[in-house]
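Chemist: Pasting query.csv below, which is CSV, C-alpha atoms.
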chain,number,residue,atom,x,y,z
A,567,MET,CA,54.1,204.8,96.0
A,568,ASN,CA,51.8,202.9,98.3
A,569,PRO,CA,49.7,200.6,96.2
A,570,ALA,CA,46.6,198.7,97.3
A,571,LEU,CA,44.2,196.2,95.8
A,572,VAL,CA,40.5,196.1,96.5
A,573,VAL,CA,38.8,192.7,96.0
A,574,PRO,CA,35.1,192.0,96.6
A,575,THR,CA,34.3,188.4,97.5
A,576,TYR,CA,31.2,186.2,97.7
A,577,ASN,CA,31.8,182.4,98.0
A,578,GLU,CA,35.4,182.6,96.8
A,579,GLY,CA,36.9,180.4,99.6
A,580,GLU,CA,38.7,178.1,97.1
A,581,ASN,CA,40.1,180.9,95.0
A,582,LEU,CA,41.1,183.5,97.5
A,583,PRO,CA,44.2,181.8,99.0
A,584,LEU,CA,45.5,181.1,95.5
A,585,LEU,CA,44.9,184.7,94.5
A,586,ILE,CA,46.8,186.0,97.6
A,587,THR,CA,49.7,183.5,96.9
A,588,LYS,CA,50.0,184.7,93.3
A,589,LEU,CA,49.7,188.3,94.4
A,590,ARG,CA,52.5,188.1,97.0
A,591,SER,CA,54.8,186.4,94.5
A,592,THR,CA,54.3,189.3,92.1
A,593,MET,CA,53.9,192.4,94.3
A,594,PRO,CA,54.8,191.4,97.9
A,595,ASP,CA,54.4,194.9,99.3
A,596,MET,CA,50.8,195.3,98.0
A,597,THR,CA,48.2,196.0,100.7
A,598,VAL,CA,44.9,194.1,100.1
A,599,PHE,CA,41.4,195.2,101.1
A,600,ILE,CA,38.9,192.3,101.0
A,601,VAL,CA,35.2,193.1,101.1
A,602,ASP,CA,33.2,190.0,101.9
A,603,ASP,CA,29.4,189.9,101.7
A,604,ALA,CA,28.8,187.3,104.4
A,605,SER,CA,29.8,184.4,102.1
A,606,PRO,CA,28.1,181.2,103.1
A,607,ASP,CA,31.2,179.2,102.2
A,608,GLY,CA,33.3,180.9,104.9
A,609,THR,CA,35.3,183.2,102.6
A,610,GLY,CA,35.3,185.8,105.3
A,611,GLN,CA,37.0,183.6,107.8
A,612,ILE,CA,39.5,182.4,105.3
A,613,ALA,CA,40.3,186.0,104.6
A,614,GLU,CA,40.8,186.7,108.3
A,615,ASP,CA,43.1,183.7,108.5
A,616,LEU,CA,45.1,185.0,105.6
A,617,ALA,CA,45.3,188.5,107.2
A,618,ASN,CA,46.5,187.0,110.5
A,619,SER,CA,49.2,184.9,109.0
A,620,LEU,CA,50.4,187.2,106.2
A,621,GLY,CA,49.7,190.7,107.3
A,622,SER,CA,48.9,193.7,105.1
A,623,ILE,CA,45.4,192.3,104.5
A,624,HIS,CA,42.3,194.1,105.7
A,625,VAL,CA,38.9,192.4,105.8
A,626,LEU,CA,35.6,194.3,105.7
A,627,HIS,CA,32.8,192.0,106.7
A,628,ARG,CA,29.3,193.0,105.4
A,629,SER,CA,26.1,191.5,106.8
A,630,ALA,CA,24.6,190.4,103.5
A,631,LYS,CA,25.1,190.3,99.8
A,632,ARG,CA,24.8,194.0,98.8
A,633,GLY,CA,26.3,194.1,95.4
A,634,LEU,CA,29.6,194.6,93.6
A,635,GLY,CA,29.3,198.4,93.2
A,636,SER,CA,28.8,199.1,96.9
A,637,ALA,CA,31.6,196.6,97.8
A,638,TYR,CA,34.0,198.5,95.6
A,639,ARG,CA,32.8,201.9,97.0
A,640,GLU,CA,33.4,200.8,100.6
A,641,GLY,CA,36.7,199.2,99.7
A,642,PHE,CA,38.0,202.2,97.8
A,643,ASN,CA,37.0,204.5,100.6
A,644,LEU,CA,38.9,202.5,103.1
A,645,ALA,CA,42.0,202.4,100.9
A,646,LEU,CA,41.8,206.1,100.2
A,647,GLU,CA,41.4,206.9,103.9
A,648,ALA,CA,44.5,204.9,104.6
A,649,GLY,CA,46.5,207.0,102.1
A,650,HIS,CA,47.0,204.3,99.4
A,651,ASP,CA,47.9,205.4,95.8
A,652,PRO,CA,47.5,203.9,93.3
A,653,LEU,CA,44.5,201.5,93.8
A,654,PHE,CA,43.9,198.4,91.9
A,655,GLN,CA,40.7,196.4,91.5
A,656,MET,CA,40.3,192.9,90.2
A,657,ASP,CA,38.1,189.8,90.5
A,658,ALA,CA,38.8,187.2,93.2
A,659,ASP,CA,38.1,184.1,91.0
A,660,LEU,CA,41.6,184.1,89.3
A,661,SER,CA,40.1,185.3,86.0
A,662,HIS,CA,42.5,188.2,86.3
A,663,ASP,CA,46.2,187.4,86.4
A,664,PRO,CA,48.1,189.2,89.2
A,665,ALA,CA,51.3,189.0,87.0
A,666,VAL,CA,49.9,191.8,84.9
A,667,LEU,CA,49.8,194.3,87.9
A,668,PRO,CA,53.4,195.5,87.6
A,669,ALA,CA,53.0,196.4,83.9
A,670,MET,CA,49.8,198.3,84.7
A,671,LEU,CA,51.6,200.2,87.4
A,672,GLU,CA,54.2,201.4,84.9
A,673,LEU,CA,51.7,203.0,82.5
A,674,ASP,CA,51.4,206.8,82.9
A,675,ALA,CA,47.7,207.4,83.2
A,676,ASP,CA,45.0,208.3,85.8
A,677,LEU,CA,43.1,205.1,84.9
A,678,VAL,CA,44.5,201.9,83.3
A,679,LEU,CA,41.9,199.6,81.9
A,680,GLY,CA,42.7,195.9,81.5
A,681,SER,CA,41.1,195.1,78.2
A,682,ARG,CA,40.0,191.8,76.7
A,683,TYR,CA,39.2,193.6,73.4
A,684,VAL,CA,42.3,195.4,72.3
A,685,PRO,CA,45.1,193.7,70.3
A,686,GLY,CA,46.8,191.1,72.5
A,687,GLY,CA,43.8,190.7,74.8
A,688,GLY,CA,41.2,187.9,74.8
A,689,THR,CA,39.2,185.4,76.8
A,690,GLN,CA,39.8,181.7,77.5
A,691,ASN,CA,37.2,178.9,78.1
A,692,TRP,CA,34.2,181.2,77.7
A,693,PRO,CA,31.1,179.7,76.0
A,694,LEU,CA,29.7,181.5,73.0
A,695,SER,CA,26.8,182.9,75.1
A,696,ARG,CA,29.2,184.7,77.5
A,697,ARG,CA,31.3,186.1,74.7
A,698,LEU,CA,28.2,187.4,73.0
A,699,ILE,CA,26.8,189.0,76.2
A,700,SER,CA,30.1,190.6,77.0
A,701,ARG,CA,30.6,192.0,73.5
A,702,LEU,CA,27.1,193.3,73.2
A,703,GLY,CA,27.3,194.9,76.7
A,704,CYS,CA,30.5,196.7,75.8
A,705,THR,CA,29.2,197.8,72.4
A,706,TRP,CA,25.9,199.0,74.0
A,707,ALA,CA,27.8,201.2,76.5
A,708,ARG,CA,30.2,202.5,73.9
A,709,ILE,CA,27.4,203.6,71.6
A,710,TRP,CA,25.2,205.2,74.3
A,711,LEU,CA,28.1,207.0,76.0
A,712,ASP,CA,30.2,207.7,72.9
A,713,LEU,CA,33.3,206.3,74.5
A,714,PRO,CA,36.4,205.1,72.7
A,715,TYR,CA,37.3,202.2,75.1
A,716,ARG,CA,36.6,198.7,74.0
A,717,ASP,CA,36.2,196.9,77.3
A,718,LEU,CA,33.8,198.9,79.4
A,719,THR,CA,32.4,196.1,81.6
A,720,GLY,CA,35.8,194.7,82.7
A,721,GLY,CA,36.8,194.9,86.3
A,722,PHE,CA,40.6,194.8,86.1
A,723,LYS,CA,41.7,198.4,86.6
A,724,CYS,CA,44.4,200.6,88.2
A,725,TRP,CA,43.4,204.0,89.5
A,726,ARG,CA,45.3,207.0,90.7
A,727,ALA,CA,43.9,208.1,94.1
A,728,SER,CA,43.2,211.7,92.8
A,729,CYS,CA,41.0,210.2,90.0
A,730,LEU,CA,39.0,208.1,92.3
A,731,ARG,CA,38.5,210.9,94.8
A,732,ALA,CA,37.1,213.1,92.0
A,733,LEU,CA,34.4,210.6,90.9
A,734,ASP,CA,32.1,211.1,93.9
A,735,LEU,CA,31.8,207.4,94.6
A,736,SER,CA,29.1,208.1,97.2
A,737,GLY,CA,26.8,209.5,94.5
A,738,MET,CA,26.8,206.3,92.4
A,739,ALA,CA,24.0,203.8,92.7
A,740,SER,CA,25.1,201.4,90.0
A,741,GLU,CA,25.9,197.7,90.8
A,742,GLY,CA,27.2,194.8,88.8
A,743,TYR,CA,28.8,195.6,85.5
A,744,VAL,CA,27.2,199.0,85.3
A,745,PHE,CA,29.5,200.1,88.2
A,746,GLN,CA,32.5,199.3,85.9
A,747,VAL,CA,30.9,201.4,83.1
A,748,GLU,CA,30.0,204.3,85.3
A,749,THR,CA,33.3,204.7,86.9
A,750,THR,CA,35.1,204.8,83.5
A,751,TRP,CA,32.4,207.1,82.1
A,752,ARG,CA,32.8,209.6,85.0
A,753,ALA,CA,36.6,209.6,84.7
A,754,HIS,CA,36.3,210.2,81.0
A,755,GLN,CA,33.8,213.1,81.5
A,756,LEU,CA,36.1,214.7,84.0
A,757,GLY,CA,39.0,214.7,81.6
A,758,PHE,CA,41.3,212.2,83.3
A,759,SER,CA,43.8,210.3,81.2
A,760,ILE,CA,42.8,206.7,80.4
A,761,VAL,CA,44.8,204.0,78.7
A,762,GLN,CA,43.9,200.5,77.7
A,763,THR,CA,46.3,197.5,78.1
A,764,PRO,CA,45.7,193.9,76.9
A,765,ILE,CA,44.7,191.2,79.3
A,766,THR,CA,43.5,187.6,79.0
A,767,PHE,CA,40.4,186.8,81.0
A,768,VAL,CA,40.4,183.2,82.0
A,769,GLU,CA,37.1,181.6,83.0
A,770,ARG,CA,37.0,180.4,86.6
A,771,THR,CA,37.6,176.8,87.3
A,772,MET,CA,36.3,176.8,90.9
A,773,GLY,CA,33.1,178.3,92.3
A,774,ARG,CA,30.2,179.8,90.4
A,775,SER,CA,30.0,183.0,88.3
A,776,LYS,CA,27.9,185.9,89.8
A,777,MET,CA,26.6,186.9,86.4
A,778,ASN,CA,22.8,186.6,86.2
A,779,PHE,CA,19.8,187.9,84.4
A,780,LEU,CA,19.2,190.8,86.9
A,781,ILE,CA,22.7,192.1,86.5
A,782,ALA,CA,22.4,192.0,82.7
A,783,ALA,CA,19.0,193.7,82.8
A,784,GLU,CA,20.3,196.4,85.1
A,785,ALA,CA,23.0,197.1,82.5
A,786,ALA,CA,20.6,197.3,79.7
A,787,TRP,CA,18.4,200.1,81.2
A,788,ARG,CA,20.9,201.9,83.5
A,789,VAL,CA,23.7,202.6,80.9
A,790,PRO,CA,21.5,204.9,78.8
A,791,SER,CA,20.5,206.8,82.0
A,792,LEU,CA,24.2,207.7,82.6
A,793,ARG,CA,24.2,209.9,79.5
A,794,PHE,CA,21.6,212.2,81.0
A,795,ARG,CA,22.9,212.4,84.5
A,796,PRO,CA,25.0,215.5,85.6
Written as structure tokens, how would this file's structure read?
Modeler:
Amino acid sequence: MNPALVVPTYNEGENLPLLITKLRSTMPDMTVFIVDDASPDGTGQIAEDLANSLGSIHVLHRSAKRGLGSAYREGFNLALEAGHDPLFQMDADLSHDPAVLPAMLELDADLVLGSRYVPGGGTQNWPLSRRLISRLGCTWARIWLDLPYRDLTGGFKCWRASCLRALDLSGMASEGYVFQVETTWRAHQLGFSIVQTPITFVERTMGRSKMNFLIAAEAAWRVPSLRFRP
């Protein structure tokens, strides 16, 4: 077993060192691939400093903010080319707890979904508006795609390498939360085993959320289109 974690970053300079510290205390042998979109706050240089001092951290510097989906695609491809298996994904803002990673690793499935909306899961410190948007987004995707999973927009996942390779990541155009939906949808359509495990999503205390109207609007129109794509 040779696990890796892919973490996209944009202006996460305050959170990234704390995330790596927590990760190393939980899974010290985990290799980390950080994909930074030219963060104005210097996140890219902070990532390089962490890589130089700690090792087993690779930093991909991109020239501009190009979106969550493309960041994950490039990060996953780098990790797959390096022979890592399984591959984790999570947010850089400490909303996802690295302490959950070992439990996810023990579950026997091609894809493990960290879910806020199964028994034992939840959110902390979210305003009502965010809770409503998240619930509506998940329900919208579940209805259109006829999927049984309750948290389709979440970004805390564990993938077997064979499953990721089968998804044809290069053929995906989705960004934002739709990327999270599309990857799960494709894995389901291909017959891979998928399990849900409860997580608690904690609202960030440092930095600003990347959620905006354009991301929500993309999800509203792109999710139905997935149903009709081959």
Chemist: Sort by chain and increasing residue number a table of all residues of segment 673-737 of chain A within 12 Å of segment 614-635 of chain A, each with its closest pair of atoms and their distance in Å to one decimal, counting only C-alpha atoms, and write it as CSV.
Modeler:
residue,atom,partner,partner_atom,distance
A:Gly721,CA,A:Leu634,CA,10.3
A:Leu735,CA,A:Gly635,CA,9.4
A:Ser736,CA,A:Gly635,CA,10.5
A:Gly737,CA,A:Gly635,CA,11.5
Chemist: Can you pull out every residue within 12 Å of His754 of chain A, counting all atoms listed in the file, but drop anything in the same chain fewer than 5 positions away, and send it as a PDB file with C-alpha atoms, in the coordinates of the input?
Modeler:
ATOM      1  CA  ALA A 675      47.700 207.400  83.200  1.00  0.00           C
ATOM      2  CA  ASP A 676      45.000 208.300  85.800  1.00  0.00           C
ATOM      3  CA  LEU A 677      43.100 205.100  84.900  1.00  0.00           C
ATOM      4  CA  VAL A 678      44.500 201.900  83.300  1.00  0.00           C
ATOM      5  CA  LEU A 711      28.100 207.000  76.000  1.00  0.00           C
ATOM      6  CA  ASP A 712      30.200 207.700  72.900  1.00  0.00           C
ATOM      7  CA  LEU A 713      33.300 206.300  74.500  1.00  0.00           C
ATOM      8  CA  PRO A 714      36.400 205.100  72.700  1.00  0.00           C
ATOM      9  CA  TYR A 715      37.300 202.200  75.100  1.00  0.00           C
ATOM     10  CA  LEU A 718      33.800 198.900  79.400  1.00  0.00           C
ATOM     11  CA  CYS A 729      41.000 210.200  90.000  1.00  0.00           C
ATOM     12  CA  LEU A 730      39.000 208.100  92.300  1.00  0.00           C
ATOM     13  CA  ALA A 732      37.100 213.100  92.000  1.00  0.00           C
ATOM     14  CA  LEU A 733      34.400 210.600  90.900  1.00  0.00           C
ATOM     15  CA  VAL A 747      30.900 201.400  83.100  1.00  0.00           C
ATOM     16  CA  GLU A 748      30.000 204.300  85.300  1.00  0.00           C
ATOM     17  CA  THR A 749      33.300 204.700  86.900  1.00  0.00           C
ATOM     18  CA  SER A 759      43.800 210.300  81.200  1.00  0.00           C
ATOM     19  CA  ILE A 760      42.800 206.700  80.400  1.00  0.00           C
ATOM     20  CA  VAL A 761      44.800 204.000  78.700  1.00  0.00           C
TER      21      VAL A 761
END
Chemist: Rank nothing, just name the residue among A:Pro652, A:Val684, A:Trp710, A:Val572 nearest to Pro790 of chain A, using all atoms listed in the file.
Modeler: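 The shortest atom-to-atom distance to Pro790 of chain A comes from A:Trp710.
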Chemist: When you draw a straight line from atom CA of Thr689 of chain A to atom CA of Asp717 of chain A, how long is it in Å?
Modeler: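 That distance, rounded to one decimal, is 11.9 Å.
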Chemist: Work out how far atom CA of Leu644 of chain A is from atom CA of Ser681 of chain A, in Å to one decimal.
Modeler: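 Atom-to-atom, atom CA of Ser681 of chain A to atom CA of Leu644 of chain A, that is 26.1 Å.
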Chemist: If I take atom CA of Gly686 of chain A and atom CA of Thr766 of chain A, how far is one from the other in Å, to one decimal?
Modeler: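 Atom CA of Thr766 of chain A lies 8.1 Å from atom CA of Gly686 of chain A.
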